[in-house]
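Listing of entry20.cif; format and content: mmCIF, C-alpha atoms and all ligand atoms.
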data_protein
#
loop_
_atom_site.label_atom_id
_atom_site.label_comp_id
_atom_site.auth_asym_id
_atom_site.auth_seq_id
_atom_site.Cartn_x
_atom_site.Cartn_y
_atom_site.Cartn_z
CA MET A 1 327.80 228.01 75.24
CA ARG A 2 329.04 224.45 74.96
CA ILE A 3 330.07 222.70 71.74
CA LYS A 4 327.49 220.01 71.06
CA GLN A 5 328.32 218.73 67.57
CA ILE A 6 330.98 219.18 64.88
CA GLU A 7 329.98 218.18 61.34
CA THR A 8 332.14 218.21 58.24
CA PHE A 9 331.04 218.39 54.62
CA ILE A 10 333.11 217.76 51.53
CA LEU A 11 331.66 219.71 48.65
CA ALA A 12 332.65 218.95 45.06
CA ASP A 13 331.81 220.52 41.72
CA GLN A 14 332.98 219.39 38.32
CA LEU A 15 334.19 222.32 36.20
CA SER A 16 332.69 222.86 32.73
CA GLU A 17 336.22 223.51 31.47
CA SER A 18 339.46 222.60 33.19
CA PHE A 19 342.18 225.23 33.56
CA PHE A 20 345.78 225.11 34.64
CA PHE A 21 348.61 227.11 36.16
CA SER A 22 352.35 226.55 36.47
CA GLN A 23 352.00 223.46 38.73
CA TRP A 24 348.86 221.48 37.86
CA SER A 25 345.39 221.65 36.33
CA TYR A 26 341.95 221.91 37.90
CA SER A 27 338.99 219.92 36.60
CA GLU A 28 337.00 219.86 39.85
CA ARG A 29 336.62 222.02 42.94
CA GLN A 30 336.64 220.24 46.31
CA ILE A 31 336.21 222.05 49.59
CA CYS A 32 335.87 220.92 53.20
CA ILE A 33 333.62 223.05 55.39
CA VAL A 34 332.75 222.56 59.05
CA LYS A 35 329.61 223.32 61.05
CA ILE A 36 329.87 223.63 64.84
CA SER A 37 326.60 223.46 66.79
CA THR A 38 326.24 224.53 70.42
CA ASP A 39 323.79 223.89 73.22
CA SER A 40 322.56 227.49 72.81
CA GLY A 41 321.21 226.62 69.36
CA LEU A 42 323.77 228.87 67.62
CA VAL A 43 325.92 227.38 64.86
CA GLY A 44 329.21 228.56 63.36
CA TRP A 45 330.78 227.82 59.98
CA GLY A 46 334.40 227.38 59.00
CA GLU A 47 336.43 226.29 55.98
CA GLY A 48 339.84 224.73 55.45
CA TYR A 49 342.19 225.34 52.53
CA GLY A 50 343.90 222.25 51.15
CA PRO A 51 342.99 218.65 50.27
CA ALA A 52 339.39 218.32 51.49
CA SER A 53 339.42 214.67 52.59
CA ILE A 54 342.57 215.16 54.69
CA ILE A 55 341.18 218.32 56.30
CA GLU A 56 338.00 216.40 57.11
CA ALA A 57 340.01 213.56 58.72
CA GLY A 58 341.89 216.15 60.77
CA ILE A 59 338.68 217.77 62.01
CA LYS A 60 337.32 214.34 63.01
CA HIS A 61 340.57 213.68 64.89
CA LEU A 62 340.25 216.98 66.80
CA THR A 63 336.51 216.71 67.52
CA PRO A 64 336.63 214.65 70.76
CA MET A 65 338.80 217.22 72.55
CA LEU A 66 336.32 219.99 71.64
CA LEU A 67 332.95 218.46 72.46
CA GLY A 68 331.49 219.89 75.66
CA GLN A 69 333.98 222.80 75.72
CA ASN A 70 332.95 226.47 75.99
CA ALA A 71 332.85 227.68 72.37
CA LEU A 72 333.67 231.26 73.42
CA GLU A 73 337.13 230.27 74.63
CA GLN A 74 338.46 229.93 71.10
CA GLU A 75 342.03 230.94 71.94
CA ARG A 76 342.34 228.30 74.66
CA LEU A 77 340.82 225.69 72.35
CA TRP A 78 343.22 226.76 69.60
CA PHE A 79 346.15 226.13 71.92
CA ASP A 80 344.78 222.74 72.98
CA MET A 81 344.48 221.68 69.32
CA TYR A 82 347.95 223.02 68.52
CA ARG A 83 349.61 221.40 71.54
CA LYS A 84 348.02 218.01 70.96
CA THR A 85 349.09 217.89 67.29
CA LEU A 86 352.47 219.63 67.61
CA ASP A 87 354.58 216.48 67.77
CA PHE A 88 353.49 215.19 64.38
CA ALA A 89 351.91 218.13 62.53
CA ARG A 90 353.83 221.33 63.17
CA ARG A 91 353.20 222.34 59.56
CA GLY A 92 350.81 221.19 56.91
CA VAL A 93 347.27 220.25 56.33
CA LEU A 94 346.32 219.39 59.91
CA VAL A 95 346.80 223.09 60.66
CA ALA A 96 344.10 223.70 58.02
CA SER A 97 341.77 221.50 60.08
CA ILE A 98 342.53 223.66 63.14
CA SER A 99 341.95 226.75 60.96
CA ALA A 100 338.49 225.61 59.84
CA ILE A 101 337.43 224.93 63.44
CA ASP A 102 338.86 228.27 64.62
CA ILE A 103 336.96 230.23 61.95
CA ALA A 104 333.72 228.49 62.96
CA LEU A 105 334.36 229.42 66.61
CA TRP A 106 334.86 233.08 65.65
CA ASP A 107 331.60 232.96 63.65
CA LEU A 108 329.89 231.53 66.73
CA LYS A 109 331.39 234.14 69.02
CA GLY A 110 330.18 236.94 66.75
CA LYS A 111 326.69 235.48 66.72
CA ALA A 112 326.73 235.05 70.51
CA PHE A 113 327.64 238.73 71.03
CA ALA A 114 325.66 239.98 67.99
CA GLN A 115 328.82 241.61 66.62
CA PRO A 116 330.76 241.25 63.35
CA VAL A 117 333.97 239.22 63.66
CA SER A 118 335.98 242.30 62.61
CA VAL A 119 334.68 244.20 65.64
CA LEU A 120 335.58 241.29 67.93
CA LEU A 121 339.06 241.20 66.37
CA GLY A 122 339.45 244.73 67.70
CA GLY A 123 337.52 246.95 65.33
CA GLN A 124 336.98 247.93 61.72
CA GLN A 125 339.83 250.14 60.55
CA ARG A 126 337.93 250.52 57.24
CA ASN A 127 334.44 249.80 55.98
CA ARG A 128 335.35 248.80 52.45
CA VAL A 129 338.03 246.70 50.79
CA MET A 130 339.24 246.68 47.20
CA PRO A 131 338.96 243.26 45.55
CA TYR A 132 341.47 242.26 42.94
CA ALA A 133 340.39 239.72 40.35
CA THR A 134 342.30 236.46 40.38
CA GLY A 135 341.98 234.78 37.01
CA LEU A 136 343.96 234.68 33.77
CA TYR A 137 344.89 231.02 34.16
CA PHE A 138 346.23 229.01 31.25
CA SER A 139 344.31 226.95 28.70
CA ASN A 140 345.32 224.96 25.64
CA SER A 141 344.05 227.71 23.33
CA ASP A 142 346.37 228.46 20.39
CA LYS A 143 345.69 232.19 20.92
CA LEU A 144 346.20 232.25 24.69
CA ALA A 145 347.75 235.75 24.83
CA SER A 146 344.73 237.36 23.18
CA ASP A 147 342.32 235.19 25.23
CA LEU A 148 344.00 236.44 28.41
CA ALA A 149 343.79 240.05 27.24
CA THR A 150 340.06 239.59 26.50
CA GLU A 151 339.48 238.02 29.92
CA ALA A 152 341.35 240.91 31.57
CA THR A 153 339.09 243.38 29.76
CA SER A 154 336.04 241.58 31.14
CA TYR A 155 337.31 242.22 34.69
CA VAL A 156 337.84 245.90 33.91
CA ASP A 157 334.28 246.04 32.51
CA GLN A 158 332.99 244.48 35.76
CA GLY A 159 334.61 247.34 37.68
CA PHE A 160 337.79 245.73 39.00
CA LYS A 161 340.65 248.17 39.54
CA ALA A 162 343.25 245.43 40.02
CA ILE A 163 343.88 242.08 38.33
CA LYS A 164 346.28 239.20 38.97
CA MET A 165 347.49 236.97 36.17
CA LYS A 166 349.37 233.70 36.11
CA VAL A 167 352.95 233.40 34.87
CA GLY A 168 355.30 230.44 35.04
CA LEU A 169 354.93 228.77 31.62
CA SER A 170 358.23 230.08 30.30
CA ILE A 171 359.91 233.44 30.52
CA ARG A 172 359.24 234.36 26.88
CA THR A 173 355.60 233.24 27.01
CA ASP A 174 355.05 235.08 30.30
CA LEU A 175 356.46 238.27 28.80
CA GLU A 176 354.19 237.95 25.79
CA HIS A 177 351.15 237.48 28.08
CA VAL A 178 352.04 240.41 30.33
CA GLU A 179 352.54 242.66 27.29
CA ALA A 180 349.18 241.61 25.82
CA VAL A 181 347.25 242.10 29.08
CA ARG A 182 348.85 245.45 29.95
CA ALA A 183 348.24 246.76 26.41
CA MET A 184 344.56 245.83 26.69
CA ILE A 185 343.79 247.15 30.21
CA GLY A 186 345.69 250.44 29.93
CA GLU A 187 347.76 252.19 32.58
CA ASP A 188 345.19 252.80 35.30
CA ILE A 189 344.50 249.20 36.34
CA LYS A 190 346.85 247.54 38.84
CA LEU A 191 348.39 244.33 37.50
CA MET A 192 350.04 241.58 39.54
CA VAL A 193 351.71 238.33 38.41
CA ASP A 194 351.81 234.95 40.20
CA ALA A 195 354.29 232.19 39.25
CA ASN A 196 353.19 229.65 41.91
CA HIS A 197 356.89 229.09 42.62
CA ALA A 198 357.73 227.88 39.12
CA TYR A 199 361.13 229.54 38.76
CA SER A 200 364.70 229.34 39.96
CA LEU A 201 366.23 232.52 41.38
CA ARG A 202 368.09 233.18 38.11
CA GLU A 203 364.91 232.77 36.05
CA ALA A 204 362.85 234.89 38.45
CA ILE A 205 365.39 237.73 38.23
CA GLU A 206 365.32 237.52 34.44
CA LEU A 207 361.52 237.59 34.26
CA ALA A 208 361.30 240.41 36.82
CA HIS A 209 363.64 242.58 34.75
CA LEU A 210 361.69 241.89 31.57
CA ILE A 211 358.31 242.81 33.10
CA GLU A 212 359.47 245.80 35.17
CA PRO A 213 358.41 248.25 32.39
CA TYR A 214 354.78 247.03 32.66
CA ASP A 215 354.10 248.52 36.09
CA ILE A 216 353.67 245.26 38.02
CA SER A 217 352.28 245.82 41.53
CA TRP A 218 353.71 242.56 42.87
CA PHE A 219 355.44 239.34 41.74
CA GLU A 220 353.87 236.51 43.75
CA GLU A 221 355.59 233.23 44.64
CA PRO A 222 358.37 233.69 42.09
CA ILE A 223 360.47 230.86 43.58
CA SER A 224 360.04 227.85 45.83
CA PRO A 225 358.66 228.70 49.28
CA GLU A 226 361.58 226.72 50.76
CA PHE A 227 364.19 229.28 49.68
CA TYR A 228 363.82 232.25 52.06
CA ASP A 229 367.26 233.62 51.22
CA GLN A 230 366.60 233.50 47.49
CA TYR A 231 363.43 235.54 47.97
CA SER A 232 365.50 238.14 49.75
CA GLU A 233 368.12 238.10 46.99
CA LEU A 234 365.41 238.54 44.35
CA ARG A 235 363.99 241.51 46.27
CA SER A 236 367.32 243.29 46.10
CA ASN A 237 367.50 242.61 42.34
CA THR A 238 364.17 244.06 41.17
CA SER A 239 362.00 247.13 41.68
CA ILE A 240 358.85 244.92 41.66
CA PRO A 241 357.53 244.18 45.17
CA ILE A 242 357.76 240.47 46.05
CA ALA A 243 354.81 238.61 47.59
CA GLY A 244 354.45 235.17 49.16
CA GLY A 245 353.27 233.22 52.17
CA GLU A 246 350.29 231.14 51.08
CA CYS A 247 352.30 227.93 51.70
CA GLU A 248 353.35 228.91 55.24
CA TYR A 249 351.76 227.69 58.46
CA LEU A 250 351.39 229.36 61.84
CA ARG A 251 353.31 232.41 63.10
CA TYR A 252 356.51 230.35 63.06
CA GLY A 253 356.36 229.78 59.29
CA HIS A 254 355.51 233.40 58.56
CA HIS A 255 358.31 234.51 60.86
CA GLN A 256 360.75 232.77 58.50
CA LEU A 257 359.59 235.02 55.64
CA LEU A 258 359.73 238.12 57.84
CA LYS A 259 363.08 237.64 59.54
CA ASN A 260 364.75 236.66 56.25
CA LYS A 261 363.35 239.83 54.60
CA SER A 262 361.84 237.55 51.94
CA VAL A 263 358.70 239.49 51.03
CA ASP A 264 357.28 242.98 50.68
CA ILE A 265 353.74 241.59 50.95
CA LEU A 266 352.85 238.69 53.23
CA GLN A 267 350.04 236.46 51.95
CA ILE A 268 348.81 234.36 54.84
CA ASP A 269 345.90 232.03 54.08
CA ILE A 270 343.53 232.23 57.05
CA CYS A 271 341.94 228.84 56.19
CA SER A 272 345.24 226.97 56.29
CA ALA A 273 347.75 228.89 58.43
CA GLY A 274 345.91 228.66 61.76
CA GLY A 275 342.57 230.45 61.40
CA LEU A 276 341.69 233.98 62.47
CA THR A 277 343.27 233.49 65.91
CA GLU A 278 346.71 232.84 64.41
CA ALA A 279 346.26 235.28 61.50
CA LYS A 280 345.76 238.08 64.03
CA ARG A 281 349.06 237.11 65.68
CA VAL A 282 350.81 236.99 62.31
CA ALA A 283 349.47 240.48 61.56
CA THR A 284 350.98 241.74 64.80
CA LEU A 285 354.28 240.03 63.99
CA ALA A 286 354.30 241.49 60.45
CA SER A 287 353.64 244.96 61.86
CA THR A 288 356.90 244.74 63.83
CA TYR A 289 358.71 244.25 60.50
CA GLY A 290 356.67 246.92 58.68
CA VAL A 291 355.45 244.34 56.18
CA GLU A 292 352.05 244.67 54.53
CA ILE A 293 349.52 241.80 54.50
CA VAL A 294 347.23 240.83 51.63
CA PRO A 295 345.85 237.41 52.57
CA HIS A 296 345.68 234.56 50.09
CA THR A 297 341.96 233.84 49.71
CA TRP A 298 340.47 230.88 47.90
CA GLY A 299 337.32 228.81 48.25
CA THR A 300 333.77 229.73 49.27
CA GLY A 301 332.08 232.74 50.80
CA ILE A 302 333.09 231.43 54.25
CA ALA A 303 336.80 231.86 53.43
CA PHE A 304 336.13 235.15 51.64
CA HIS A 305 334.23 236.68 54.55
CA ALA A 306 336.75 235.46 57.12
CA ALA A 307 339.33 237.38 55.05
CA MET A 308 337.08 240.46 54.77
CA HIS A 309 336.82 240.72 58.57
CA PHE A 310 340.56 240.14 59.02
CA ILE A 311 341.45 242.80 56.43
CA ALA A 312 338.94 245.24 57.93
CA ASN A 313 340.84 244.96 61.21
CA LEU A 314 344.40 245.31 59.81
CA GLU A 315 346.33 248.35 60.97
CA PRO A 316 347.70 250.45 58.13
CA ILE A 317 351.50 250.50 58.13
CA PRO A 318 352.38 253.33 58.39
CA GLY A 319 349.28 255.16 59.59
CA ARG A 320 348.41 258.41 57.83
CA LEU A 321 345.43 260.65 57.21
CA MET A 322 344.74 259.32 53.70
CA SER A 323 344.99 255.57 54.14
CA PRO A 324 345.66 253.53 50.99
CA ASP A 325 343.18 250.91 49.78
CA PHE A 326 343.45 247.45 51.30
CA TYR A 327 343.12 244.55 48.88
CA ILE A 328 341.26 241.26 49.07
CA GLU A 329 341.88 238.42 46.63
CA TYR A 330 338.68 237.61 44.73
CA ASP A 331 338.96 234.40 42.72
CA ARG A 332 336.98 234.79 39.51
CA THR A 333 337.52 231.30 38.09
CA GLU A 334 334.54 228.96 37.75
CA ASN A 335 333.29 227.74 41.15
CA GLY A 336 329.63 226.73 41.48
CA ILE A 337 330.07 226.03 45.21
CA ARG A 338 331.27 229.57 45.91
CA GLU A 339 328.31 231.06 44.05
CA ALA A 340 325.66 228.93 45.77
CA LEU A 341 326.89 228.29 49.31
CA THR A 342 326.56 231.64 51.09
CA SER A 343 324.31 234.65 51.02
CA PRO A 344 324.08 237.56 50.61
CA PRO A 345 326.07 237.40 47.36
CA ILE A 346 329.39 239.23 47.27
CA ASP A 347 328.57 242.67 45.90
CA MET A 348 331.23 244.86 44.32
CA GLN A 349 330.23 248.51 43.85
CA GLU A 350 332.54 250.89 42.00
CA GLY A 351 335.48 248.58 42.61
CA TYR A 352 334.93 248.06 46.35
CA ILE A 353 333.21 245.53 48.62
CA LYS A 354 331.65 246.70 51.89
CA VAL A 355 332.84 245.02 55.10
CA PRO A 356 329.95 242.89 56.45
CA THR A 357 328.13 244.34 59.45
CA GLY A 358 326.00 241.35 60.48
CA PRO A 359 326.89 239.14 63.46
CA GLY A 360 329.72 236.62 63.12
CA LEU A 361 331.03 236.30 59.57
CA GLY A 362 327.86 238.11 58.44
CA ILE A 363 326.67 235.39 56.08
CA GLU A 364 324.08 232.66 55.93
CA VAL A 365 325.10 229.22 54.69
CA ASN A 366 322.62 227.63 52.31
CA GLU A 367 322.11 224.06 53.48
CA GLU A 368 320.40 223.17 50.20
CA ALA A 369 323.66 223.98 48.43
CA ILE A 370 325.43 221.63 50.86
CA GLN A 371 323.01 218.86 49.86
CA LYS A 372 323.56 219.63 46.19
CA PHE A 373 327.37 219.59 46.28
CA SER A 374 327.96 217.03 49.03
CA LYS A 375 330.28 214.27 47.95
CA THR A 376 329.00 210.92 49.13
CA CA A 401 348.99 232.52 44.57
#
Whole structure given in structure tokens:
Amino acid sequence: MRIKQIETFILADQLSESFFFSQWSYSERQICIVKISTDSGLVGWGEGYGPASIIEAGIKHLTPMLLGQNALEQERLWFDMYRKTLDFARRGVLVASISAIDIALWDLKGKAFAQPVSVLLGGQQRNRVMPYATGLYFSNSDKLASDLATEATSYVDQGFKAIKMKVGLSIRTDLEHVEAVRAMIGEDIKLMVDANHAYSLREAIELAHLIEPYDISWFEEPISPEFYDQYSELRSNTSIPIAGGECEYLRYGHHQLLKNKSVDILQIDICSAGGLTEAKRVATLASTYGVEIVPHTWGTGIAFHAAMHFIANLEPIPGRLMSPDFYIEYDRTENGIREALTSPPIDMQEGYIKVPTGPGLGIEVNEEAIQKFSKT
């Protein structure tokens, strides 16, 4: 099964209302997806996480070395792409280009063998995953705390059992928001906070102590991803589990977080850190440190389903008869591309999503939606 063509698409959608978090605001969604066609007639789809036009340029750069190659040899092709970009792109967005291609090759492989990607990764350790709602971003509302509490209630009403909210505006404001949201959702819903590395170590320790009474399941990216030691110091100063990893690339980047004891929960992004091939290696590496993985997941149904298959395959650490639920991040902010691009629609029943059983990623990509959102 030889690779015949690699096409990229940049999809863009203007938001009806912009929203912001501790670093910047969103007024538009832009995503780069890739379609790999083979001489067998099968096609595979992948997605990169990061600036779409740069990911697209990276994929175009890598395309000549892939054309004519056997699409089933995705690990060898991964290494070729890695080796030929290593000298000038050991970290960063070019790895997202490799990731998008790798995911498309896994989709192709699943279709070629008529098996779900999770089975090809080694098997489904579980047949359902618990989504947590990512939302509760900031707006310019003068009653933001009560708006956030109302939004959190809407997720509970939809059946979510876990919700992640943004922090990072200021310690006092964050505390006010956490108090308002926890008061509204009650004790039974898991609540996580994400600062997108807005704080210094001193500030992060202060905020962690203030929100400890609100049963926070994890504190995500409290401080800059550059400061591995400070993450470790924060961990020893709070009872809240510390999460991070969405800014890391490859096994080498994630190894920094692991060997420095920086995180309780490792959040690799499959669409930027090296694709499913590298994510599987990072999962093995994390298992040697006894660190749990909840991938960072953003973008369309392609990214979401790649994560579903990866999570389905994760070994529980430690193993036991009654395995705990495994989480998947489910972005609930406005994204017309996500809603239209893939089918079947993501279906949450009683707080869980079933692991797809169809071949490859288990989704169809709607080419009409590509036409609609394509940026020319
Ligand atoms: Ca995050």
inquiry  = Please find the residues contacting ligand CA 401 (chain A) at a distance of at most 9 Å between atoms, with all atoms listed in the file counted, and report them as a list in words.
reply    = Thr134, Lys166, Val193, Asp194, Ala195, Asn196, His197, Glu220, Glu221, Ala243, Gly244, Gly245, Glu246, Gln267, His296 and Thr297 of chain A
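Rounded to one decimal, atom CA of A:Met81 and atom CA of A:Ala96 lie 11.5 Å from each other.
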For stretch 292-294 of chain A: contacts at 8 Å, all atoms listed in the file, fewer than 3 positions along chain excluded, given as a PyMOL selection string = chain A and resi 264-268+283+286-287+311+317+326-329
task = Using only C-alpha atoms, collect all residues at a distance of at most 10 Å from (334.4, 226.0, 32.6) as written in the file, then present them as a ChimeraX atom specification.
result = /A:14-19,27-28,333-335
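In this model, the gap between atom CA of A:Ala133 and atom CA of A:Ile171 comes to 22.7 Å.
Proximity to A:Pro131 was assessed for A:Phe21, A:Tyr352, A:Phe373, A:Phe219 counting only C-alpha atoms; the smallest distance is recorded for A:Tyr352.
When atom CA of A:Leu234 is paired with atom CA of A:Arg91, their separation reads 25.4 Å.
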ask   = Got a sec to check which residues sit within 10 Å of (335.6, 248.3, 38.7), counting all atoms listed in the file, and write them as a PyMOL selection string?
value = chain A and resi 130-133+155-162+189+348-352
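Every protein, DNA or RNA residue with an atom at most 12 Å from A:Leu169, where all atoms listed in the file count and chain neighbours fewer than 2 positions away do not, is listed here: A:Phe20, A:Phe21, A:Ser22, A:Gln23, A:Trp24, A:Tyr137, A:Phe138, A:Ser139, A:Asn140, A:Leu144, A:Met165, A:Lys166, A:Val167, A:Ile171, A:Arg172, A:Thr173, A:Asp174, A:Leu175, A:Glu176, A:His177, A:Asp194, A:Ala195, A:Asn196, A:His197, A:Ala198, A:Tyr199, A:Glu203, A:Leu207.
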Residue nearest A:Arg251 among A:Arg126, A:Arg281, A:Arg90, A:Lys109 (counting all atoms listed in the file) = A:Arg281
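Among the candidates A:Ala312, A:Val355, A:Ile31, A:Ile98, the residue lying nearest to A:Ile59 is A:Ile98 (atoms considered: all atoms listed in the file).
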Distance query A:Thr238 at most 8 Å, only C-alpha atoms, self and fewer than 6 positions along chain excluded, as a compact mmCIF listing (two decimals) with C-alpha atoms, in the coordinates of the input:
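That gives us part-v1.txt:
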# COMPACT_ATOMS: atom_id res chain seq x y z
CA ILE A 205 365.39 237.73 38.23
CA ALA A 208 361.30 240.41 36.82
CA HIS A 209 363.64 242.58 34.75
CA GLU A 212 359.47 245.80 35.17
Contact residues around A:Ser217 with all atoms listed in the file at 7 Å, ignoring same-chain residues under 5 positions, as a ChimeraX atom specification = /A:190-192,240-241
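Counting all atoms listed in the file and comparing A:Ile346, A:Leu276, A:Ile3, A:Ile353, the residue that lies closest to A:Val117 is A:Leu276.
Take the candidates A:Glu206, A:Glu364, A:Glu56, A:Asp325 and check each one against A:Gly44 using all atoms listed in the file; the shortest distance goes to A:Glu364.
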